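Raw structure02.cif, mmCIF, C-alpha atoms:
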data_target
#
loop_
_atom_site.label_atom_id
_atom_site.label_comp_id
_atom_site.auth_asym_id
_atom_site.auth_seq_id
_atom_site.Cartn_x
_atom_site.Cartn_y
_atom_site.Cartn_z
CA MET N 1205 -29.66 -16.60 14.26
CA ILE N 1206 -32.82 -18.33 15.42
CA ILE N 1207 -34.02 -21.50 13.71
CA SER N 1208 -37.23 -23.07 14.89
CA VAL N 1209 -38.37 -26.61 14.25
CA ALA N 1210 -42.15 -26.97 13.93
CA SER N 1211 -44.47 -29.50 12.39
CA GLY N 1212 -48.21 -29.07 12.25
CA LYS N 1213 -48.84 -32.72 12.99
CA GLY N 1214 -47.57 -34.01 16.31
CA GLY N 1215 -45.16 -36.91 16.57
CA THR N 1216 -43.45 -36.34 13.24
CA GLY N 1217 -39.96 -35.95 14.67
CA LYS N 1218 -39.45 -32.31 15.70
CA THR N 1219 -37.31 -33.30 18.67
CA THR N 1220 -35.35 -35.86 16.66
CA ILE N 1221 -34.45 -33.14 14.16
CA SER N 1222 -33.99 -30.19 16.52
CA THR N 1223 -31.70 -31.99 18.98
CA SER N 1224 -29.46 -33.39 16.24
CA LEU N 1225 -29.40 -30.02 14.52
CA ALA N 1226 -28.21 -28.38 17.75
CA LEU N 1227 -25.63 -31.11 18.38
CA SER N 1228 -24.16 -30.68 14.91
CA ILE N 1229 -23.32 -27.00 15.46
CA GLU N 1230 -19.64 -26.71 16.30
CA GLU N 1231 -19.24 -23.03 16.94
CA GLU N 1232 -20.22 -21.71 20.33
CA PRO N 1233 -22.45 -20.69 21.85
CA VAL N 1234 -25.57 -22.71 21.05
CA GLN N 1235 -28.86 -22.24 22.81
CA PHE N 1236 -31.54 -24.89 22.68
CA ILE N 1237 -34.95 -23.57 23.65
CA ASP N 1238 -37.67 -26.17 24.11
CA CYS N 1239 -40.98 -24.33 23.69
CA ASP N 1240 -43.05 -27.51 23.65
CA VAL N 1241 -43.96 -26.74 27.25
CA GLU N 1242 -46.85 -29.18 27.36
CA GLU N 1243 -44.47 -32.06 26.84
CA PRO N 1244 -40.84 -30.96 26.79
CA ASN N 1245 -38.71 -33.99 25.98
CA SER N 1246 -35.59 -32.66 24.28
CA PHE N 1247 -33.69 -32.82 27.59
CA ILE N 1248 -33.94 -36.62 27.33
CA PHE N 1249 -31.68 -36.40 24.26
CA LEU N 1250 -29.48 -33.45 25.20
CA LYS N 1251 -28.98 -34.58 28.80
CA PRO N 1252 -28.08 -31.21 30.32
CA ASN N 1253 -26.06 -31.07 33.55
CA ASN N 1254 -26.53 -28.92 36.66
CA LEU N 1255 -30.22 -28.41 36.10
CA LYS N 1256 -31.61 -25.29 37.69
CA LYS N 1257 -35.35 -24.88 38.20
CA LYS N 1258 -37.37 -21.70 38.54
CA SER N 1259 -41.03 -21.29 39.24
CA ALA N 1260 -42.93 -19.60 36.39
CA THR N 1261 -45.83 -17.47 37.50
CA VAL N 1262 -48.53 -15.27 35.99
CA LEU N 1263 -50.49 -12.50 37.71
CA VAL N 1264 -54.12 -13.10 38.62
CA PRO N 1265 -56.58 -10.88 40.51
CA GLU N 1266 -57.27 -11.21 44.21
CA ILE N 1267 -60.31 -9.47 45.63
CA ASP N 1268 -60.37 -7.65 48.95
CA LYS N 1269 -63.95 -8.43 49.92
CA ASN N 1270 -63.93 -5.72 52.58
CA LYS N 1271 -63.39 -3.04 49.95
CA CYS N 1272 -65.48 -4.58 47.14
CA THR N 1273 -68.90 -3.02 46.54
CA PHE N 1274 -69.89 -5.70 43.99
CA CYS N 1275 -70.34 -3.03 41.33
CA GLY N 1276 -69.56 -5.53 38.59
CA LEU N 1277 -67.15 -3.40 36.56
CA CYS N 1278 -64.36 -6.01 36.69
CA GLN N 1279 -66.71 -8.66 35.37
CA GLU N 1280 -67.87 -6.36 32.62
CA ILE N 1281 -64.40 -5.64 31.28
CA CYS N 1282 -63.03 -9.19 31.61
CA GLU N 1283 -62.92 -10.57 28.07
CA TYR N 1284 -62.35 -14.10 29.36
CA ASN N 1285 -65.03 -14.37 32.04
CA ALA N 1286 -62.44 -14.93 34.75
CA LEU N 1287 -64.43 -12.84 37.23
CA VAL N 1288 -68.00 -13.37 38.33
CA VAL N 1289 -69.71 -10.81 40.51
CA LEU N 1290 -72.64 -12.19 42.46
CA LYS N 1291 -74.93 -10.38 44.93
CA ASP N 1292 -72.47 -10.54 47.79
CA ASN N 1293 -69.50 -12.41 46.43
CA VAL N 1294 -66.89 -12.22 43.66
CA LEU N 1295 -65.55 -15.42 42.17
CA VAL N 1296 -62.15 -15.53 40.49
CA LEU N 1297 -61.61 -18.33 37.99
CA PRO N 1298 -57.82 -18.06 37.72
CA GLU N 1299 -57.37 -20.58 34.91
CA LEU N 1300 -59.50 -18.40 32.62
CA CYS N 1301 -57.48 -15.24 33.42
CA HIS N 1302 -55.13 -13.93 30.71
CA SER N 1303 -53.28 -11.63 33.15
CA CYS N 1304 -54.14 -8.40 31.35
CA GLY N 1305 -54.39 -6.48 34.63
CA GLY N 1306 -57.44 -4.54 33.44
CA CYS N 1307 -59.60 -5.41 36.44
CA SER N 1308 -57.12 -4.19 39.05
CA LEU N 1309 -56.40 -1.07 37.00
CA LEU N 1310 -60.07 -0.08 36.70
CA CYS N 1311 -61.52 -1.16 40.06
CA PRO N 1312 -62.96 2.08 41.52
CA GLU N 1313 -62.57 0.80 45.08
CA LYS N 1314 -58.98 -0.42 44.56
CA ALA N 1315 -60.21 -3.75 45.87
CA ILE N 1316 -58.26 -5.85 43.37
CA SER N 1317 -54.60 -6.66 43.74
CA GLU N 1318 -52.56 -8.94 41.50
CA VAL N 1319 -50.98 -12.04 42.96
CA ASP N 1320 -48.63 -14.65 41.51
CA ARG N 1321 -50.00 -17.96 40.37
CA GLU N 1322 -47.59 -20.69 39.35
CA VAL N 1323 -48.32 -22.14 35.90
CA GLY N 1324 -45.18 -24.19 35.47
CA THR N 1325 -41.42 -24.25 35.82
CA ILE N 1326 -38.49 -23.08 33.72
CA GLU N 1327 -35.56 -25.47 33.74
CA MET N 1328 -32.03 -24.69 32.60
CA GLY N 1329 -28.88 -26.68 32.11
CA LYS N 1330 -25.79 -27.09 29.94
CA ARG N 1331 -24.18 -29.83 27.98
CA ASN N 1332 -20.85 -29.12 26.27
CA ASN N 1333 -21.46 -26.07 24.07
CA ILE N 1334 -25.24 -26.25 24.31
CA GLU N 1335 -27.16 -24.19 26.81
CA MET N 1336 -30.64 -25.57 27.29
CA VAL N 1337 -33.75 -23.78 28.50
CA TYR N 1338 -37.15 -25.37 28.62
CA GLY N 1339 -40.53 -24.79 30.16
CA ARG N 1340 -42.73 -27.35 31.80
CA LEU N 1341 -46.39 -26.40 32.10
CA ASN N 1342 -48.16 -27.69 35.22
CA ILE N 1343 -50.68 -30.44 34.62
CA GLY N 1344 -54.18 -29.06 34.12
CA GLU N 1345 -53.05 -25.63 32.90
CA ALA N 1346 -54.90 -24.53 29.78
CA MET N 1347 -52.57 -21.81 28.46
CA PRO N 1348 -49.02 -22.53 27.32
CA VAL N 1349 -48.37 -19.15 25.69
CA PRO N 1350 -47.38 -17.17 28.84
CA LEU N 1351 -44.83 -19.84 29.76
CA ILE N 1352 -43.47 -19.98 26.19
CA LYS N 1353 -42.95 -16.20 26.36
CA MET N 1354 -41.06 -16.56 29.64
CA VAL N 1355 -38.85 -19.31 28.22
CA LYS N 1356 -38.09 -17.21 25.13
CA LYS N 1357 -36.85 -14.34 27.29
CA TYR N 1358 -33.67 -16.39 27.80
CA ILE N 1359 -32.83 -16.18 24.08
CA ARG N 1360 -29.74 -14.16 23.23
CA LYS N 1361 -30.13 -13.23 19.60
CA ASN N 1362 -26.45 -13.39 18.69
CA ASN N 1363 -26.24 -17.05 19.66
CA ASN N 1364 -27.05 -19.95 17.44
CA VAL N 1365 -30.54 -20.61 18.74
CA ILE N 1366 -32.59 -23.72 18.00
CA ILE N 1367 -36.22 -23.66 19.07
CA ASP N 1368 -38.19 -26.86 19.45
CA ALA N 1369 -41.76 -25.68 18.80
CA PRO N 1370 -44.96 -27.30 19.98
CA PRO N 1371 -47.08 -29.18 17.41
CA GLY N 1372 -50.17 -27.70 15.80
CA THR N 1373 -50.79 -24.35 14.13
CA SER N 1374 -52.38 -22.33 16.93
CA CYS N 1375 -51.19 -19.66 19.38
CA PRO N 1376 -48.43 -21.71 21.10
CA VAL N 1377 -46.77 -22.42 17.74
CA ILE N 1378 -47.06 -18.81 16.58
CA GLU N 1379 -45.52 -17.61 19.83
CA ALA N 1380 -42.68 -20.13 19.55
CA VAL N 1381 -41.73 -19.41 15.93
CA LYS N 1382 -42.63 -15.77 15.33
CA ASP N 1383 -39.16 -14.31 16.01
CA SER N 1384 -37.27 -17.03 14.14
CA ASP N 1385 -35.15 -16.27 11.10
CA TYR N 1386 -36.00 -19.61 9.55
CA CYS N 1387 -38.37 -22.46 10.25
CA ILE N 1388 -37.92 -26.15 9.55
CA LEU N 1389 -41.19 -28.03 9.16
CA VAL N 1390 -40.89 -31.72 9.97
CA THR N 1391 -43.50 -33.97 8.41
CA GLU N 1392 -44.12 -37.60 7.61
CA PRO N 1393 -45.15 -38.97 4.20
CA THR N 1394 -48.72 -39.85 5.11
CA PRO N 1395 -52.08 -38.20 4.33
CA PHE N 1396 -52.17 -36.94 7.94
CA GLY N 1397 -48.67 -35.56 7.63
CA LEU N 1398 -49.57 -33.83 4.36
CA ASN N 1399 -52.82 -32.38 5.69
CA ASP N 1400 -51.10 -30.80 8.69
CA LEU N 1401 -48.07 -29.76 6.65
CA LYS N 1402 -50.37 -27.70 4.43
CA LEU N 1403 -51.76 -25.98 7.52
CA ALA N 1404 -48.25 -25.30 8.83
CA VAL N 1405 -47.19 -23.92 5.43
CA GLY N 1406 -50.17 -21.58 5.64
CA VAL N 1407 -48.83 -20.31 8.96
CA MET N 1408 -45.38 -19.76 7.42
CA HIS N 1409 -46.87 -17.71 4.57
CA GLU N 1410 -48.95 -15.72 7.03
CA LEU N 1411 -45.85 -14.97 9.12
CA ASN N 1412 -43.76 -14.37 5.99
CA LYS N 1413 -41.16 -16.80 7.30
CA PRO N 1414 -38.59 -18.57 5.13
CA PHE N 1415 -38.95 -22.31 5.63
CA GLY N 1416 -38.07 -25.76 4.35
CA VAL N 1417 -39.35 -29.26 4.93
CA ILE N 1418 -37.75 -32.36 6.39
CA ILE N 1419 -39.53 -35.62 5.65
CA ASN N 1420 -39.13 -38.07 8.50
CA ARG N 1421 -39.90 -41.79 8.20
CA HIS N 1422 -39.29 -41.54 4.48
CA GLY N 1423 -40.27 -44.76 2.72
CA MET N 1424 -43.50 -45.35 4.60
CA GLY N 1425 -46.84 -43.98 3.44
CA ASP N 1426 -47.09 -42.35 0.02
CA ILE N 1427 -45.56 -39.68 -2.22
CA GLY N 1428 -48.19 -37.03 -1.47
CA VAL N 1429 -45.88 -34.81 0.60
CA GLU N 1430 -43.15 -34.84 -2.05
CA GLU N 1431 -45.62 -34.05 -4.82
CA TYR N 1432 -47.05 -31.20 -2.78
CA CYS N 1433 -43.59 -29.75 -2.08
CA ARG N 1434 -42.66 -30.00 -5.75
CA GLU N 1435 -45.85 -28.24 -6.84
CA GLU N 1436 -45.48 -25.52 -4.23
CA LYS N 1437 -41.72 -25.18 -4.86
CA ILE N 1438 -40.96 -25.91 -1.22
CA GLU N 1439 -37.41 -27.02 -0.51
CA ILE N 1440 -37.09 -30.52 0.93
CA LEU N 1441 -34.03 -30.17 3.16
CA MET N 1442 -33.62 -33.79 4.17
CA LYS N 1443 -35.29 -37.17 4.20
CA VAL N 1444 -34.79 -39.40 7.22
CA PRO N 1445 -35.61 -43.03 6.42
CA PHE N 1446 -38.29 -45.08 8.14
CA GLU N 1447 -36.03 -47.41 10.04
CA LYS N 1448 -36.33 -49.52 13.15
CA GLU N 1449 -32.84 -48.62 14.42
CA ILE N 1450 -33.76 -44.91 14.51
CA ALA N 1451 -36.93 -45.65 16.48
CA VAL N 1452 -35.04 -47.87 18.92
CA ALA N 1453 -32.39 -45.17 19.47
CA TYR N 1454 -35.13 -42.58 19.97
CA SER N 1455 -36.79 -44.76 22.60
CA LYS N 1456 -33.49 -44.85 24.49
CA GLY N 1457 -32.90 -41.10 24.25
CA ILE N 1458 -30.03 -41.45 21.77
CA PRO N 1459 -29.88 -38.51 19.33
CA LEU N 1460 -29.96 -39.34 15.61
CA ILE N 1461 -26.45 -38.01 15.01
CA GLU N 1462 -25.03 -40.23 17.73
CA LEU N 1463 -26.64 -43.28 16.10
CA TYR N 1464 -25.56 -42.22 12.61
CA PRO N 1465 -22.63 -39.77 12.86
CA GLU N 1466 -22.78 -39.20 9.08
CA TYR N 1467 -25.89 -37.13 9.72
CA LYS N 1468 -23.72 -34.45 11.31
CA ARG N 1469 -22.44 -33.43 7.87
CA LYS N 1470 -26.00 -33.43 6.50
CA PHE N 1471 -27.24 -31.18 9.29
CA GLN N 1472 -24.27 -28.87 8.86
CA ASN N 1473 -25.07 -28.58 5.15
CA ILE N 1474 -28.63 -27.64 6.02
CA LEU N 1475 -27.36 -25.05 8.50
CA ASN N 1476 -25.06 -23.51 5.90
CA MET N 1477 -27.90 -23.37 3.43
CA ILE N 1478 -30.18 -21.71 5.97
CA VAL N 1479 -27.49 -19.15 6.82
CA ASN N 1480 -27.27 -18.28 3.11
CA ILE N 1481 -31.02 -17.94 2.75
CA VAL N 1482 -31.34 -15.77 5.85
CA GLU N 1483 -28.42 -13.55 4.82
CA LYS N 1484 -29.82 -13.18 1.31
CA LYS N 1485 -33.16 -12.16 2.75
CA ALA N 1486 -31.49 -9.66 5.10
CA ASN N 1487 -29.45 -8.20 2.21
CA SER N 1488 -32.45 -7.85 -0.07
CA LYS N 1489 -34.26 -6.09 2.76
CA ILE N 1490 -31.37 -3.64 3.08
CA MET N 1491 -31.42 -3.11 -0.70
CA GLN N 1492 -35.16 -2.46 -0.62
CA GLU N 1493 -34.74 0.06 2.17
CA ARG N 1494 -32.16 1.91 0.15
CA MET A 1013 -91.69 -21.14 40.86
CA LYS A 1014 -89.24 -19.91 38.22
CA VAL A 1015 -87.14 -22.56 36.50
CA ILE A 1016 -84.57 -21.93 33.76
CA VAL A 1017 -84.04 -24.49 31.01
CA THR A 1018 -81.44 -24.60 28.24
CA SER A 1019 -83.26 -24.73 24.93
CA GLU A 1020 -82.56 -25.32 21.25
CA GLY A 1021 -85.58 -23.19 20.25
CA LYS A 1022 -87.91 -20.49 21.42
CA ASN A 1023 -91.07 -22.32 22.56
CA LEU A 1024 -92.17 -25.03 24.99
CA ASP A 1025 -91.96 -27.72 22.33
CA SER A 1026 -88.30 -27.00 21.62
CA LYS A 1027 -85.75 -29.55 22.75
CA VAL A 1028 -83.67 -29.12 25.90
CA ASP A 1029 -80.21 -28.05 24.70
CA GLN A 1030 -77.73 -30.56 26.07
CA ARG A 1031 -75.02 -27.90 26.29
CA PHE A 1032 -75.15 -25.38 29.08
CA GLY A 1033 -72.50 -22.74 28.27
CA ARG A 1034 -73.15 -22.89 24.56
CA ALA A 1035 -76.91 -23.48 24.70
CA LYS A 1036 -78.80 -21.59 21.99
CA TYR A 1037 -81.38 -20.08 24.38
CA PHE A 1038 -82.51 -20.10 27.95
CA MET A 1039 -86.21 -20.42 28.71
CA LEU A 1040 -87.31 -18.93 31.98
CA VAL A 1041 -90.49 -20.82 32.84
CA ASP A 1042 -93.02 -20.19 35.59
CA THR A 1043 -93.96 -23.75 36.64
CA ASP A 1044 -97.36 -22.67 37.95
CA THR A 1045 -98.67 -20.80 34.92
CA MET A 1046 -96.32 -22.25 32.24
CA GLU A 1047 -95.70 -18.67 31.13
CA TYR A 1048 -92.23 -18.30 29.73
CA GLN A 1049 -89.62 -15.84 28.60
CA VAL A 1050 -86.85 -16.53 26.05
CA ILE A 1051 -83.38 -15.28 26.94
CA ASP A 1052 -80.66 -15.18 24.28
CA ASN A 1053 -77.43 -16.83 25.34
CA GLU A 1054 -74.79 -14.18 24.79
CA ALA A 1055 -72.17 -16.69 25.97
CA VAL A 1056 -72.61 -18.83 22.86
CA SER A 1057 -70.00 -16.92 20.88
CA GLN A 1058 -67.46 -16.45 23.70
CA GLY A 1059 -63.95 -17.65 22.98
CA GLY A 1060 -63.58 -19.08 26.45
CA GLY A 1061 -65.43 -19.13 29.73
CA ALA A 1062 -68.81 -19.60 28.04
CA GLY A 1063 -70.06 -21.69 30.95
CA VAL A 1064 -69.13 -18.96 33.42
CA LYS A 1065 -70.91 -16.31 31.39
CA ALA A 1066 -73.97 -18.52 30.93
CA ALA A 1067 -74.03 -19.20 34.67
CA GLN A 1068 -74.10 -15.47 35.26
CA ILE A 1069 -77.00 -15.02 32.84
CA THR A 1070 -79.04 -17.76 34.50
CA ILE A 1071 -78.34 -16.46 38.02
CA ASP A 1072 -79.29 -12.93 36.94
CA SER A 1073 -82.58 -14.27 35.55
CA GLY A 1074 -83.76 -14.84 39.10
CA ALA A 1075 -84.44 -18.57 38.60
CA LYS A 1076 -83.65 -20.88 41.50
CA VAL A 1077 -83.50 -24.12 39.51
CA LEU A 1078 -81.63 -24.95 36.30
CA LEU A 1079 -82.61 -27.84 34.04
CA THR A 1080 -80.05 -28.79 31.38
CA GLY A 1081 -78.07 -31.61 29.79
CA ASN A 1082 -74.50 -31.13 30.94
CA VAL A 1083 -72.63 -28.69 33.18
CA GLY A 1084 -68.82 -28.39 33.37
CA PRO A 1085 -66.72 -27.53 36.43
CA ASN A 1086 -66.37 -23.74 36.04
CA ALA A 1087 -70.05 -23.18 35.39
CA TYR A 1088 -70.90 -25.51 38.24
CA GLU A 1089 -68.80 -23.53 40.69
CA VAL A 1090 -70.42 -20.24 39.68
CA LEU A 1091 -73.96 -21.67 39.70
CA LYS A 1092 -73.47 -23.16 43.17
CA SER A 1093 -72.05 -19.88 44.50
CA GLY A 1094 -75.08 -18.14 43.07
CA GLY A 1095 -77.36 -20.50 44.98
CA MET A 1096 -78.71 -22.30 41.90
CA ASP A 1097 -80.14 -25.81 42.14
CA ILE A 1098 -78.63 -27.69 39.21
CA ILE A 1099 -80.39 -30.60 37.55
CA VAL A 1100 -78.43 -32.24 34.71
CA GLY A 1101 -79.22 -35.13 32.36
CA VAL A 1102 -82.53 -33.57 31.33
CA ASN A 1103 -83.76 -34.25 27.79
CA GLY A 1104 -86.92 -34.17 25.70
CA THR A 1105 -88.91 -30.97 25.16
CA ILE A 1106 -89.04 -28.01 27.52
CA ARG A 1107 -92.68 -28.87 28.35
CA GLU A 1108 -91.76 -32.48 29.22
CA ALA A 1109 -88.82 -31.32 31.31
CA ILE A 1110 -90.99 -28.97 33.34
CA GLN A 1111 -93.60 -31.69 33.85
CA LYS A 1112 -90.97 -34.16 35.04
CA PHE A 1113 -89.57 -31.53 37.36
CA LYS A 1114 -93.02 -30.79 38.80
CA SER A 1115 -93.73 -34.47 39.41
CA GLY A 1116 -90.47 -34.73 41.36
CA GLU A 1117 -88.82 -37.08 38.86
CA LEU A 1118 -85.70 -34.95 38.49
CA LYS A 1119 -83.05 -34.79 41.18
CA SER A 1120 -80.16 -32.35 41.48
CA GLU A 1121 -76.60 -33.67 41.06
CA GLY A 1122 -73.67 -33.55 43.45
CA GLY A 1123 -71.18 -32.01 41.01
CA PRO A 1124 -70.32 -31.15 37.41
CA ASN A 1125 -71.07 -34.07 35.09
CA VAL A 1126 -68.73 -33.21 32.21
CA ALA A 1127 -65.19 -31.86 31.82
CA SER A 1128 -64.26 -28.34 30.66
CA HIS A 1129 -64.93 -27.53 26.99
CA HIS A 1130 -67.36 -30.43 26.61
CA GLY A 1131 -69.84 -28.27 24.70
CA LEU A 1132 -67.22 -27.49 22.05
CA GLN A 1133 -66.82 -31.11 21.04
#

For this file, write the structure as structure tokens.
Amino acid sequence: MIISVASGKGGTGKTTISTSLALSIEEEPVQFIDCDVEEPNSFIFLKPNNLKKKSATVLVPEIDKNKCTFCGLCQEICEYNALVVLKDNVLVLPELCHSCGGCSLLCPEKAISEVDREVGTIEMGKRNNIEMVYGRLNIGEAMPVPLIKMVKKYIRKNNNVIIDAPPGTSCPVIEAVKDSDYCILVTEPTPFGLNDLKLAVGVMHELNKPFGVIINRHGMGDIGVEEYCREEKIEILMKVPFEKEIAVAYSKGIPLIELYPEYKRKFQNILNMIVNIVEKKANSKIMQER
Amino acid sequence: MKVIVTSEGKNLDSKVDQRFGRAKYFMLVDTDTMEYQVIDNEAVSQGGGAGVKAAQITIDSGAKVLLTGNVGPNAYEVLKSGGMDIIVGVNGTIREAIQKFKSGELKSEGGPNVASHHGLQ
């Protein structure tokens, strides 16, 4: 089963929740997939051993200027303006390229080959029963989605998989959560938290994904998030109090369930509930098909 | 001499559009006769790489000098490769910009003057 932890607003506590959720699973094997490739930080809490690193590359065009006749076809078909054909030169702007391969496929002179360009690294390690995989996008790269896809290839569906998603509601989030069986949205009880929660809920509806909400820093801000969840009949799975000790532990890389071991039971309850919801959904799908 | 200017409107009294990639129009102006031609900026609706596309349009126009507000790094690279003289920080109307250019008040810059995606902000 795959459970992803997403948020809409950044800095609400996705990593706090996802790492403790993973650490509270007792049965093996657990996979923790950090898809927040622009700032992966779950390894600070999970502290994996024997880290292995792999270069993550995408394909970009390379022009053989001896063969090129500057016909301009590649430029014409490139949706992202990654190729510019001038009078006697072709410019490749690799950071705009989406690696579709169209230019090299269609070049009548076969003057375009595809070469690897590194966009980041994939790092892997293990701690106890948790296998960790995370991507780290190189500084200056504009597109996280290809790297998120590469990181997700390591998922083995039969494992207990926890995905730490990036913040926001755009392509990187969709890519991270789209194959999940369930999504936990972490929010904070502030107008900002509520605004972005509504956007994230919109994504969940669009993806037809079962989801629930965890309110972090409960006790600060206002009751807007709770009112919204009540009105929309959205399950509030847990409330984590707004507390200095939790922030201090976070700043030292100590997972929530190591600070407060009683949270293990709470996370396990949530997991059991999610398993029930996912199984119910799967069963009703089977019934419908019959 | 043919000069191309980013423009918010379609005549010489329109304002210089401060955005390059997402400028509304380009005005190709003959500095000797002040005759001009309006070119639609197809790049305005591009998801990404608008500056690159706009650079292509301006190079294809045959102009040798570009007057505009801001140019980002990708557009700058393409414009330079296409042999374009780039003058940024130009404001006022198209007519004023051309006059300033003719009097030698405007100087071309050594590099892009804004970061990527500036025109989207």

Closest atom pairs, chain N residues within 9 Å of chain A, all atoms listed in the file, as a tab-separated table:
residue	atom	partner	partner_atom	distance
N:Glu1283	CA	A:Gln1058	CA	8.6
N:Tyr1284	CA	A:Gly1060	CA	5.9
N:Asn1285	CA	A:Gly1061	CA	5.3
N:Ala1286	CA	A:Gly1061	CA	7.2
N:Leu1287	CA	A:Val1064	CA	8.6
N:Val1288	CA	A:Gln1068	CA	7.1
N:Val1289	CA	A:Gln1068	CA	8.3
N:Leu1290	CA	A:Gly1094	CA	6.5
N:Lys1291	CA	A:Gly1094	CA	8.0
N:Asn1293	CA	A:Ser1093	CA	8.1
N:Leu1295	CA	A:Val1090	CA	7.3
N:Leu1297	CA	A:Asn1086	CA	7.5
N:Leu1300	CA	A:Gly1061	CA	6.6

So what does the PyMOL selection byres ((chain A and resi 1075) around 6) actually pick up in this one, as a PyMOL selection string? chain A and resi 1014-1016+1073-1074+1076-1077

Quick one: distance from CA of Ile1388 (chain N) to CA of Phe1415 (chain N) in Å, one decimal?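 Separation between CA of Ile1388 (chain N) and CA of Phe1415 (chain N): 5.6 Å.
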
Given the PyMOL selection byres ((chain N and resi 1421) around 10) and the file above, list the residues it selects as a list of chain:residue names. N:Thr1216, N:Gly1217, N:Thr1391, N:Glu1392, N:Pro1393, N:Thr1394, N:Ile1418, N:Ile1419, N:Asn1420, N:His1422, N:Gly1423, N:Met1424, N:Gly1425, N:Lys1443, N:Val1444, N:Pro1445, N:Phe1446, N:Glu1447, N:Lys1448, N:Ile1450, N:Ala1451

Just want the 12 Å neighbourhood of Glu1231 (chain N), counted on only C-alpha atoms, with same-chain residues fewer than 6 positions away dropped. Output as a ChimeraX atom specification. /N:1332-1334,1363-1365,1472,1475

Region 1227-1237 of chain N: axis-aligned bounding box, 4 Å on each side, centre and edge lengths in Å, one decimal, as AutoDock Vina command-line options:
--center_x -27.1 --center_y -25.9 --center_z 19.3 --size_x 23.7 --size_y 18.4 --size_z 16.7

Could you write out as a PyMOL selection string the residues that the PyMOL selection byres ((chain N and resi 1395) around 12) matches in the shown file? chain N and resi 1213+1391-1394+1396-1402+1424-1432

For Lys1218 (chain N), work out the shell of residues within 6 Å, counting all atoms listed in the file and skipping chain neighbours fewer than 4 positions away, then give it as a ChimeraX atom specification. /N:1209,1222,1390

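Distances from A:Ile1110, A:Val1126, A:Val1102, A:Ile1051 to Tyr1088 (chain A) were compared using all atoms listed in the file, and the smallest one belongs to A:Val1126.
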
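Distances here use only C-alpha atoms; by that measure, the residue among A:Met1013, A:Ile1069, A:Ile1098, A:Leu1079 closest to Asp1029 (chain A) is A:Leu1079.
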
Report the distance between CA of Gly1457 (chain N) and CA of Leu1227 (chain N) in Å, rounded to one decimal place. 13.7 Å

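If all atoms listed in the file are the atoms counted, then among A:Gly1123, A:Val1017, A:Asn1082, A:Arg1034 the closest residue to Val1100 (chain A) is A:Asn1082.
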
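Note that CA of Cys1239 (chain N) and CA of Ala1369 (chain N) are 5.1 Å apart.
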